[in-house]
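Q: One structure, pasted below without further comment.
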Number of protein chains: 2
Amino acid sequence: MISQKSKYALRALLALAAHGDGRTMLISEIALQEVIPRKFLEQILLDLKRAGLVASRRGKAGGYLLLRRPETVTFGEVLRLIDGPLAPLPCLSKMAYRRCGDCANENACKLRKVFARVADATRGILDTTTLADVLTGGVKSLPVEI
Amino acid sequence: MISQKSKYALRALLALAAHGDGRTMLISEIALQEVIPRKFLEQILLDLKRAGLVASRRGKAGGYLLLRRPETVTFGEVLRLIDGPLAPLPCLSKMAYRRCGDCANENACKLRKVFARVADATRGILDTTTLADVLTGGVKSLPVEI
DNA sequence: TTTAACACGACTGAATCAGTATGCTTGTTA
DNA sequence: TAACAAGCATACTGATTCAGTCGTGTTAAA
């Protein structure tokens, strides 16, 4: 299960992308439209800002805008940013590899072999699907080798 | 990330399957061999027993044995049993469907469309991979449509 | 009848989730 | 230039989950 926070982040980014090139939206505008608790959304947008996905303008008539083009922002990137690694096992994460601790010789580990396939499949989808793909209606549905 | 508990469950089942047809193993035997905290393993085996995957004999010279044939026990089944739904969104779970609450019309939800593909891919792997597949060495690697 | 096994509920300490609350800082505009 | 509206940032909280541990049963074979 992905976290509520990630869902909010994706929906906020989608809202900004749909709103149009470089135009700002108020936090409260996004919060209202996407039904996200205002203060929680504030935190999320700060995270996205620190990661360089969005920018903000302060003061009256400020707000947030998408910094990058929608075709360049993948679901995978956002999920990793908010929820951490996508991999089902720590020893399969590319962004935050950790040894499993309990399995001695890693590349003989039976479980690892199975979950590696799962990890590849998920990455295959999430790292190739962008905000733009979703906005333009039909999510592409290529056959992917697992 | 799958839970530690699921990993232990899978490893315990694999140990029982490898041990041979209908032969029992002591909890402490499994615990020692697979490096699983003994008391924790006790709990896990009880769960597996309640689900009908294993059986136990009490008293002196008791122990646990696998009730079903290794070819019939999938990774997906075990993970659902221990960790709950595999689906990345509650509204995509077949075993424990819940509405997302925040998205109004479910089959227009953009996020849902993307994560449905992820869910199908994961299920495609986990519900077709069995204990036997893993024991006999090579995990099969069929191309799967996503 | 002892002993070595499983059975089962209660408890715990740490971490994570999903937010709230409170008090800044900054920029625009009246 | 002062007030107001916006974002910035930290701290806190209540509920839940994780990963176990503890203690006390109950059962069956030797």
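Ordering of the structure tokens sets the chain letters (A, B, ...); residue numbers start at 1 within each chain; ligands are numbered from 1 in the order shown.
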Give the residues of chain D that lie within 7 Å of chain B; count only C-alpha atoms (C1' of nucleotides), and format the answer as a PyMOL selection string.
A: chain D and resi 20+27-29
Q: List every residue of chain B that DSSP, applied to the backbone of this structure, places in strand (DSSP E or B), and write the result as a list of chain:residue names.
A: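 Going through chain B, the strand (DSSP E or B) residues come out as B:Met25, B:Val54, B:Ala55, B:Ser56, B:Arg57, B:Gly63, B:Tyr64, B:Leu65, B:Leu66, B:Thr74, B:Thr130.
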Q: Should the cut-off be 9 Å, what would the residue list for chain B against chain A look like, counting only C-alpha atoms, as an MDAnalysis selection string?
A: chainID B and resid 1:3 7 10:11 34:36 75 85:90 102:103 110:111 113:115 117:119 121:123 125:126 129 134:135 137 139 141:146
Q: Restricting the output to C-alpha atoms, write the selected residues as a PDB file, in the first residue's frame.
A:
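selection_24.pdb, freshly written:
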ATOM      1  CA  MET B   1       8.539  -3.468   1.616  1.00  0.00           C
ATOM      2  CA  ILE B   2       7.260  -6.804   2.818  1.00  0.00           C
ATOM      3  CA  SER B   3       7.354  -7.381   6.546  1.00  0.00           C
ATOM      4  CA  LYS B   7       9.905 -13.271   5.169  1.00  0.00           C
ATOM      5  CA  LEU B  10       8.095 -17.939   3.639  1.00  0.00           C
ATOM      6  CA  ARG B  11      11.432 -19.222   4.872  1.00  0.00           C
ATOM      7  CA  GLU B  34      16.562 -20.209   9.405  1.00  0.00           C
ATOM      8  CA  VAL B  35      17.709 -17.798  12.109  1.00  0.00           C
ATOM      9  CA  ILE B  36      14.249 -16.762  13.268  1.00  0.00           C
ATOM     10  CA  PHE B  75       3.941 -16.593  -2.487  1.00  0.00           C
ATOM     11  CA  PRO B  85      -3.621  -7.140   0.685  1.00  0.00           C
ATOM     12  CA  LEU B  86      -0.934  -6.985  -1.993  1.00  0.00           C
ATOM     13  CA  ALA B  87      -2.631  -4.109  -3.815  1.00  0.00           C
ATOM     14  CA  PRO B  88      -0.996  -0.671  -3.642  1.00  0.00           C
ATOM     15  CA  LEU B  89      -4.399   1.008  -3.168  1.00  0.00           C
ATOM     16  CA  PRO B  90      -7.298  -0.252  -1.055  1.00  0.00           C
ATOM     17  CA  ASP B 102     -11.046  10.775  -1.561  1.00  0.00           C
ATOM     18  CA  CYS B 103     -11.620   9.972  -5.225  1.00  0.00           C
ATOM     19  CA  LYS B 110      -6.114   8.630 -12.843  1.00  0.00           C
ATOM     20  CA  LEU B 111      -3.995   7.222 -10.053  1.00  0.00           C
ATOM     21  CA  LYS B 113      -5.381   3.354 -13.570  1.00  0.00           C
ATOM     22  CA  VAL B 114      -1.640   3.449 -13.052  1.00  0.00           C
ATOM     23  CA  PHE B 115      -1.593   1.431  -9.889  1.00  0.00           C
ATOM     24  CA  ARG B 117      -1.157  -2.037 -13.758  1.00  0.00           C
ATOM     25  CA  VAL B 118       1.268  -2.351 -10.886  1.00  0.00           C
ATOM     26  CA  ALA B 119      -1.157  -4.551  -8.980  1.00  0.00           C
ATOM     27  CA  ALA B 121       2.027  -7.184 -12.544  1.00  0.00           C
ATOM     28  CA  THR B 122       2.733  -8.083  -8.912  1.00  0.00           C
ATOM     29  CA  ARG B 123      -0.121 -10.534  -8.773  1.00  0.00           C
ATOM     30  CA  ILE B 125       4.290 -12.963 -10.376  1.00  0.00           C
ATOM     31  CA  LEU B 126       3.370 -13.704  -6.789  1.00  0.00           C
ATOM     32  CA  THR B 129       5.233 -18.591  -8.026  1.00  0.00           C
ATOM     33  CA  VAL B 134      11.758 -21.875  -5.613  1.00  0.00           C
ATOM     34  CA  LEU B 135      12.961 -25.170  -4.195  1.00  0.00           C
ATOM     35  CA  GLY B 137      16.293 -24.060  -8.155  1.00  0.00           C
ATOM     36  CA  VAL B 139      12.639 -19.492 -10.577  1.00  0.00           C
ATOM     37  CA  SER B 141      10.829 -16.279 -15.750  1.00  0.00           C
ATOM     38  CA  LEU B 142       7.952 -16.160 -18.199  1.00  0.00           C
ATOM     39  CA  PRO B 143       7.208 -12.973 -20.062  1.00  0.00           C
ATOM     40  CA  VAL B 144       4.015 -11.585 -18.578  1.00  0.00           C
ATOM     41  CA  GLU B 145       1.611  -9.090 -20.121  1.00  0.00           C
ATOM     42  CA  ILE B 146       1.086  -6.040 -17.964  1.00  0.00           C
TER      43      ILE B 146
END
Q: Please report, as a ChimeraX atom specification, each residue of chain A to which DSSP assigns alpha helix (DSSP H) when run on this structure's backbone.
A: /A:4-19,27-34,38-50,75-83,110-126,131-135
Q: Please superimpose chain A on chain B using every C-alpha atom, paired by order, in a least-squares fit, and write the moved chain as an mmCIF file with C-alpha atoms, in the first residue's frame.
A:
data_model
loop_
_atom_site.group_PDB
_atom_site.id
_atom_site.type_symbol
_atom_site.label_atom_id
_atom_site.label_comp_id
_atom_site.auth_asym_id
_atom_site.auth_seq_id
_atom_site.Cartn_x
_atom_site.Cartn_y
_atom_site.Cartn_z
ATOM 1 C CA MET A 1 8.544 -3.486 1.595
ATOM 2 C CA ILE A 2 7.264 -6.810 2.807
ATOM 3 C CA SER A 3 7.376 -7.373 6.544
ATOM 4 C CA GLN A 4 9.961 -9.342 8.429
ATOM 5 C CA LYS A 5 7.150 -11.615 9.531
ATOM 6 C CA SER A 6 6.291 -12.541 5.945
ATOM 7 C CA LYS A 7 9.907 -13.266 5.173
ATOM 8 C CA TYR A 8 10.076 -15.565 8.180
ATOM 9 C CA ALA A 9 6.836 -17.276 7.170
ATOM 10 C CA LEU A 10 8.080 -17.941 3.651
ATOM 11 C CA ARG A 11 11.411 -19.209 4.867
ATOM 12 C CA ALA A 12 9.771 -21.487 7.421
ATOM 13 C CA LEU A 13 7.467 -22.931 4.779
ATOM 14 C CA LEU A 14 10.388 -23.413 2.432
ATOM 15 C CA ALA A 15 12.274 -25.223 5.181
ATOM 16 C CA LEU A 16 9.317 -27.531 5.818
ATOM 17 C CA ALA A 17 8.880 -28.183 2.118
ATOM 18 C CA ALA A 18 12.557 -28.981 1.690
ATOM 19 C CA HIS A 19 12.534 -31.210 4.747
ATOM 20 C CA GLY A 20 10.382 -33.709 2.927
ATOM 21 C CA ASP A 21 6.926 -35.075 2.513
ATOM 22 C CA GLY A 22 4.982 -35.146 5.751
ATOM 23 C CA ARG A 23 8.040 -35.214 7.974
ATOM 24 C CA THR A 24 7.779 -32.953 11.004
ATOM 25 C CA MET A 25 10.262 -30.355 12.157
ATOM 26 C CA LEU A 26 10.511 -28.866 15.625
ATOM 27 C CA ILE A 27 9.869 -25.150 15.968
ATOM 28 C CA SER A 28 13.300 -24.785 17.474
ATOM 29 C CA GLU A 29 14.829 -26.732 14.615
ATOM 30 C CA ILE A 30 13.344 -24.344 12.070
ATOM 31 C CA ALA A 31 14.229 -21.354 14.231
ATOM 32 C CA LEU A 32 17.850 -22.419 14.458
ATOM 33 C CA GLN A 33 18.246 -23.325 10.821
ATOM 34 C CA GLU A 34 16.563 -20.226 9.419
ATOM 35 C CA VAL A 35 17.702 -17.806 12.120
ATOM 36 C CA ILE A 36 14.258 -16.764 13.282
ATOM 37 C CA PRO A 37 13.468 -15.721 16.886
ATOM 38 C CA ARG A 38 11.884 -18.800 18.400
ATOM 39 C CA LYS A 39 8.834 -17.270 20.061
ATOM 40 C CA PHE A 40 8.076 -15.082 17.091
ATOM 41 C CA LEU A 41 8.206 -18.120 14.854
ATOM 42 C CA GLU A 42 5.741 -19.869 17.172
ATOM 43 C CA GLN A 43 3.217 -17.118 16.468
ATOM 44 C CA ILE A 44 3.825 -17.262 12.758
ATOM 45 C CA LEU A 45 3.375 -21.021 12.594
ATOM 46 C CA LEU A 46 0.125 -20.692 14.521
ATOM 47 C CA ASP A 47 -1.113 -18.271 11.872
ATOM 48 C CA LEU A 48 -0.092 -20.671 9.126
ATOM 49 C CA LYS A 49 -1.805 -23.486 10.952
ATOM 50 C CA ARG A 50 -5.062 -21.585 11.357
ATOM 51 C CA ALA A 51 -4.921 -20.993 7.604
ATOM 52 C CA GLY A 52 -4.513 -24.704 6.951
ATOM 53 C CA LEU A 53 -1.056 -24.517 5.397
ATOM 54 C CA VAL A 54 0.664 -26.554 8.072
ATOM 55 C CA ALA A 55 -0.318 -28.963 10.827
ATOM 56 C CA SER A 56 1.265 -29.665 14.184
ATOM 57 C CA ARG A 57 1.721 -32.609 16.498
ATOM 58 C CA ARG A 58 1.930 -31.986 20.221
ATOM 59 C CA GLY A 59 3.868 -33.676 22.946
ATOM 60 C CA LYS A 60 7.337 -35.055 22.865
ATOM 61 C CA ALA A 61 8.625 -35.638 19.338
ATOM 62 C CA GLY A 62 5.943 -33.303 18.050
ATOM 63 C CA GLY A 63 6.563 -30.553 15.568
ATOM 64 C CA TYR A 64 5.217 -28.990 12.406
ATOM 65 C CA LEU A 65 4.700 -30.314 8.933
ATOM 66 C CA LEU A 66 3.526 -28.909 5.624
ATOM 67 C CA LEU A 67 -0.078 -29.911 4.963
ATOM 68 C CA ARG A 68 -0.286 -28.944 1.318
ATOM 69 C CA ARG A 69 1.891 -29.856 -1.607
ATOM 70 C CA PRO A 70 4.610 -27.257 -2.289
ATOM 71 C CA GLU A 71 3.334 -26.754 -5.854
ATOM 72 C CA THR A 72 0.021 -25.506 -4.476
ATOM 73 C CA VAL A 73 1.305 -22.860 -2.087
ATOM 74 C CA THR A 74 1.903 -19.509 -3.776
ATOM 75 C CA PHE A 75 3.919 -16.599 -2.460
ATOM 76 C CA GLY A 76 0.874 -14.410 -2.920
ATOM 77 C CA GLU A 77 -1.213 -16.533 -0.623
ATOM 78 C CA VAL A 78 1.349 -16.413 2.156
ATOM 79 C CA LEU A 79 1.926 -12.680 1.834
ATOM 80 C CA ARG A 80 -1.790 -11.931 1.917
ATOM 81 C CA LEU A 81 -2.147 -14.114 4.963
ATOM 82 C CA ILE A 82 0.571 -12.369 6.944
ATOM 83 C CA ASP A 83 0.759 -8.834 5.554
ATOM 84 C CA GLY A 84 -2.732 -8.365 4.208
ATOM 85 C CA PRO A 85 -3.619 -7.123 0.703
ATOM 86 C CA LEU A 86 -0.931 -6.964 -1.967
ATOM 87 C CA ALA A 87 -2.640 -4.111 -3.809
ATOM 88 C CA PRO A 88 -1.008 -0.676 -3.662
ATOM 89 C CA LEU A 89 -4.389 1.005 -3.181
ATOM 90 C CA PRO A 90 -7.307 -0.244 -1.064
ATOM 91 C CA CYS A 91 -9.657 0.248 -4.015
ATOM 92 C CA LEU A 92 -7.591 -2.256 -6.020
ATOM 93 C CA SER A 93 -7.581 -5.103 -3.536
ATOM 94 C CA LYS A 94 -9.513 -8.201 -4.489
ATOM 95 C CA MET A 95 -9.338 -9.676 -0.992
ATOM 96 C CA ALA A 96 -10.136 -6.524 0.975
ATOM 97 C CA TYR A 97 -11.657 -3.910 -1.296
ATOM 98 C CA ARG A 98 -12.326 -0.523 0.250
ATOM 99 C CA ARG A 99 -13.265 2.690 -1.496
ATOM 100 C CA CYS A 100 -10.469 5.223 -1.517
ATOM 101 C CA GLY A 101 -12.716 7.844 0.015
ATOM 102 C CA ASP A 102 -11.021 10.813 -1.595
ATOM 103 C CA CYS A 103 -11.612 10.001 -5.249
ATOM 104 C CA ALA A 104 -15.186 10.546 -6.298
ATOM 105 C CA ASN A 105 -15.702 8.433 -9.422
ATOM 106 C CA GLU A 106 -13.482 5.433 -9.077
ATOM 107 C CA ASN A 107 -13.111 4.276 -12.644
ATOM 108 C CA ALA A 108 -12.183 7.741 -13.797
ATOM 109 C CA CYS A 109 -9.452 7.998 -11.155
ATOM 110 C CA LYS A 110 -6.129 8.625 -12.878
ATOM 111 C CA LEU A 111 -4.018 7.199 -10.091
ATOM 112 C CA ARG A 112 -6.056 4.062 -9.943
ATOM 113 C CA LYS A 113 -5.412 3.320 -13.602
ATOM 114 C CA VAL A 114 -1.666 3.416 -13.094
ATOM 115 C CA PHE A 115 -1.614 1.404 -9.914
ATOM 116 C CA ALA A 116 -3.971 -1.159 -11.380
ATOM 117 C CA ARG A 117 -1.187 -2.057 -13.791
ATOM 118 C CA VAL A 118 1.240 -2.375 -10.905
ATOM 119 C CA ALA A 119 -1.183 -4.564 -9.001
ATOM 120 C CA ASP A 120 -1.722 -6.836 -11.991
ATOM 121 C CA ALA A 121 1.990 -7.224 -12.559
ATOM 122 C CA THR A 122 2.711 -8.098 -8.929
ATOM 123 C CA ARG A 123 -0.148 -10.536 -8.773
ATOM 124 C CA GLY A 124 1.006 -12.045 -12.034
ATOM 125 C CA ILE A 125 4.263 -12.977 -10.365
ATOM 126 C CA LEU A 126 3.337 -13.710 -6.773
ATOM 127 C CA ASP A 127 0.203 -15.722 -7.488
ATOM 128 C CA THR A 128 1.991 -18.002 -9.923
ATOM 129 C CA THR A 129 5.197 -18.599 -8.014
ATOM 130 C CA THR A 130 5.001 -21.493 -5.572
ATOM 131 C CA LEU A 131 7.214 -22.963 -2.903
ATOM 132 C CA ALA A 132 8.056 -25.761 -5.319
ATOM 133 C CA ASP A 133 9.216 -23.313 -8.000
ATOM 134 C CA VAL A 134 11.723 -21.867 -5.609
ATOM 135 C CA LEU A 135 12.934 -25.177 -4.190
ATOM 136 C CA THR A 136 13.693 -26.735 -7.539
ATOM 137 C CA GLY A 137 16.274 -24.058 -8.126
ATOM 138 C CA GLY A 138 15.450 -21.923 -11.145
ATOM 139 C CA VAL A 139 12.621 -19.511 -10.556
ATOM 140 C CA LYS A 140 10.710 -19.507 -13.790
ATOM 141 C CA SER A 141 10.893 -16.321 -15.756
ATOM 142 C CA LEU A 142 8.057 -16.154 -18.258
ATOM 143 C CA PRO A 143 7.354 -12.947 -20.116
ATOM 144 C CA VAL A 144 4.172 -11.572 -18.664
ATOM 145 C CA GLU A 145 1.799 -9.038 -20.176
ATOM 146 C CA ILE A 146 1.263 -6.023 -18.010
#
Q: Please return, as a count of residues only, all residues of chain C lying within 8 Å of chain A when only C-alpha atoms (C1' of nucleotides) are considered.
A: 6
Q: Provide the C1' of DC24 in chain C to C1' of DG7 in chain D distance in Å, to one decimal place.
A: 10.6 Å
Q: C1' of DG14 in chain D and C1' of DA21 in chain C, how far apart in Å?
A: 14.0 Å
Q: Applying 12 Å and only C-alpha atoms (C1' of nucleotides), which residues near DA14 in chain C remain after dropping the ones on its own chain fewer than 6 positions away? List them as a PyMOL selection string.
A: chain D and resi 17-20
Q: Could you save the residues just selected, with N, CA and C atoms (P, O5', C5', C4', C3', O3' and C1' of nucleotides), as a short mmCIF file (atom, residue, chain, number, x, y, z; two decimals), in the first residue's frame?
A:
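In the end it all went to selection-v7.cif:
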data_model
loop_
_atom_site.label_atom_id
_atom_site.label_comp_id
_atom_site.auth_asym_id
_atom_site.auth_seq_id
_atom_site.Cartn_x
_atom_site.Cartn_y
_atom_site.Cartn_z
P DT D 17 -3.43 -1.15 12.34
"O5'" DT D 17 -1.87 -1.41 12.15
"C5'" DT D 17 -1.15 -0.59 11.24
"C4'" DT D 17 0.33 -0.84 11.40
"C3'" DT D 17 0.73 -2.32 11.39
"O3'" DT D 17 1.80 -2.46 10.47
"C1'" DT D 17 1.70 -1.21 13.23
P DC D 18 2.25 -3.90 9.96
"O5'" DC D 18 3.69 -4.03 10.61
"C5'" DC D 18 4.24 -2.86 11.22
"C4'" DC D 18 5.69 -3.05 11.56
"C3'" DC D 18 6.22 -4.47 11.45
"O3'" DC D 18 7.61 -4.38 11.14
"C1'" DC D 18 6.14 -3.81 13.74
P DA D 19 8.42 -5.73 10.85
"O5'" DA D 19 8.94 -6.16 12.29
"C5'" DA D 19 10.04 -5.44 12.85
"C4'" DA D 19 10.35 -6.02 14.21
"C3'" DA D 19 10.54 -7.55 14.22
"O3'" DA D 19 11.56 -7.89 15.14
"C1'" DA D 19 8.91 -6.95 15.75
P DG D 20 12.41 -9.24 14.82
"O5'" DG D 20 11.94 -10.51 15.58
"C5'" DG D 20 10.92 -10.73 16.50
"C4'" DG D 20 10.99 -9.92 17.75
"C3'" DG D 20 11.08 -10.77 18.98
"O3'" DG D 20 12.31 -10.57 19.65
"C1'" DG D 20 9.29 -9.17 19.13
#
Q: Quick check, in Å to one decimal: how far apart do C1' of DG13 in chain C and C1' of DC12 in chain D lie?
A: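 Taking C1' of DG13 in chain C as the start and C1' of DC12 in chain D as the end point, the length is 19.6 Å.
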